[in-house]
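Student: Okay, handing you the structure first.
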Amino acid sequence: MHPIFITVIQRILLGFVALFFVSLIIFSAIEFLPGDFGQAILGQRATPETVAAFRRELGLDQPAYVRYLDWAGGMIRGDFGQSFSGRNSSGMDRSRTVLDLLDQRLKNTLFLATITAVVAVPLSLFLGITAALYRNSLYDRVVNATTLTTISTPEFFVAYILILFFSSLWGIFPSLANVDPRDTLDVRFYKTILPALTLTLVIVAHMMRMTRAAIINLLASPYIEQARLKGISSSQVILRHALPNAWAPIATVIAFNLAYLVVGVVVVEVVFVYPGVGQLMVDAVRTRDIPVVQACAVIFAGTYIILNLIADVIGIVTNPRLLHPR
Amino acid sequence: MTKKTNTYSASAEVGSIRQRRTRWERMWLNLKKAPPTAIFGMIVITFYAFVSIFAPLLAPFGEADSQFSAYLGFGDIHLLGTDQIGRDILSRLIYGARNTIGIALITTLVSFAIGMSLGLIAAINRSYIDQLLSRGVDVLMAIPSLIFALMLLSIFGASTISLICIMAVLDSTRVFRLTRAVSMNVVVMDYVEAATLRGEKIGWIMRREILPNILPPLVAEFGLRFCFVFLAIAALSFLGVGIQPPTADWGTMVRETANLIQFAKYDLMRAMVPLIPAACIALLTVSVNFVVDWFLHKTSGIRDEH
């Protein structure tokens, strides 16, 4: 078997191990709750019977490993359980399933993330590579200083500056990105522009700096110098010698930043009241709606792990040294 | 024939006792050579430190003093006006410096205490303890820290103490990795082995043999981690699950005054109010980054090109 294949399989297995442990951590969140949280959720007037029924519904009368298997199995089938909110002391259960809450919001978040990624990835790769090639030029220095300032500022600062100018002062774009499933695509785009712009600004700064660093690192390696000394044209140096080795760092940079997008999306969604998973999670944290928090955490952490996994696999597969083993 | 006293003699110079510069003189010389960005950063940091330490003396009103009418404009008594429940914004900004920076600083210190000691232990041990800690850190780092922090806050409840503990533990994973990586190179040195053979205890080896040699990258990392923690805490407070009212802090202030921004057409200055605390956060992190950049440049070649 090709050695690359084995390495890739190993890496994927490791990814699953990470997913398993992460799910274990997220599951155990509910274990740390104080014993009387049933009472706290159902309200002071809940009868002992109601509380007991609630506890039974959560399966708290069963050992932890049974509940973990139940919970993890449900997750895989797409059943995220029942939300804590909407229950009251009389035993009336108006709670919704977590899946129901997540459904539309997950699509919205993916929409926002996709728009951002489509704009940000090519733009930052272009900026990063050109900055690395024209290193120490005026262009490089301007781009560098701008991005250093951008990554040092909180996302909500960028967001509010954009709102101040584009929404309040000039009135071009709406500051509320309350997209609705009934909206047509162009209305959706129009409402999503400001959040997407904020995320793009933040992420381009990160990605561009990392790309620049990776490319500079690469261009400093001896085989590039050797290729130059051989006298081949600089486009050949880039295309034939630098690029095959650059895929791995570039993939890492992209995956890392898309993973960063996962986190950035939380704050930006709250600023623009964008109905996405991030906002759902923050609301659930405020009301301590643990099943929703757990589901969101699984989604975010899973995305993060899988993105990193993909980057690693790309890094392994494109590595020339592994492709042609001695 | 008289001997001239002002002739130059090489042997005299070599023979003369070399004046050792004191630590302060060396520091001063280094400071004089600092680039303008670093000087700017240091001035800003000093200013912030001054404001945080003397907050009660500088602030015109108390931090939770809500006796004034709400949403007052800029004026003589209230330089930056009042917020939605009639608290003086300038005073809250000044107290906010103390609370926000203080909490971030404590968190970073705790995270370094945890991360550095565990990292050193892992580097010295290099067997099962190292494996256990390293794999544990791998798992913790597989979850984005803001998401992890949100989840833990929902369990333990949003309070300042749990915020500090959670952020410190989550952040210590990164400190652990760095400490372990840099001290791996030092642990194998002969003088560490000599100390071990001399019979020194593990505490001595950690503190006196390894620590001084790994300090520069850790000091730089402290600055960067501080920025990260500071931004994360500000973000959590902004989301309403971090530092809780009535404690004044910049993240919460942005959230509380955010709707003023909608009135930019009528009163631009007032609309800028939510941006002031956000700008304070940004200015501090940019300054720390400038100083760290310069420090890294001085102490070693690493990160030169980033």
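Starting from 1 in every chain, residues are counted up; chains themselves are A, B, ... following the order of the structure tokens, and ligands are numbered from 1 as listed.
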Identify every residue of chain A that has at least one atom within 7 Å of any atom of chain B, counting only C-alpha atoms, and report the result as a list in words.
Tutor: Ala18, Phe21, Val22, Ala29, Phe32, Leu33, Thr149, Ser152, Thr153, Pro154, Phe157, Leu164, Ser168, Leu169, Arg209, Ala213, Val263, Val282, Val285, Arg286, Arg288, Val293, Ala297, Ala301 and Ile305 of chain A
Student: Excluding same-chain residues fewer than 4 positions from Gly15 of chain A, what lies within 9 Å of it counting only C-alpha atoms, as a PyMOL selection string?
Tutor: chain A and resi 10-11+19-20+305-306+308-309
Student: Residues of the last selection are to be written out with C-alpha atoms, as a PDB file, in the first residue's frame.
Tutor:
ATOM      1  CA  GLN A  10      -3.916   7.390  10.463  1.00  0.00           C
ATOM      2  CA  ARG A  11      -4.686  11.083  10.422  1.00  0.00           C
ATOM      3  CA  LEU A  19     -14.127  13.977  17.898  1.00  0.00           C
ATOM      4  CA  PHE A  20     -14.893  11.221  20.393  1.00  0.00           C
ATOM      5  CA  ILE A 305     -11.973  19.497  13.823  1.00  0.00           C
ATOM      6  CA  ILE A 306     -13.064  18.445  10.338  1.00  0.00           C
ATOM      7  CA  ASN A 308      -8.285  20.991  10.468  1.00  0.00           C
ATOM      8  CA  LEU A 309      -8.428  17.363   9.398  1.00  0.00           C
TER       9      LEU A 309
END
Student: Could you state the separation of atom CA of Gly242 of chain B and atom CA of Ala104 of chain B in Å, given to one decimal place?
Tutor: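 Separation between atom CA of Gly242 of chain B and atom CA of Ala104 of chain B: 11.5 Å.
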Student: Which residue is closest to Glu155 of chain A? Choose from A:Ala259, A:Met75, A:Ala53, A:Ala205 and count only C-alpha atoms.
Tutor: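 Once distances to Glu155 of chain A are computed over only C-alpha atoms, the minimum belongs to A:Ala205.
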Student: Could you jot down the atom CA of Lys107 of chain A to atom CA of Ile233 of chain B separation for me, Å, one decimal place?
Tutor: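 About the pair atom CA of Lys107 of chain A and atom CA of Ile233 of chain B: they are 28.3 Å apart.
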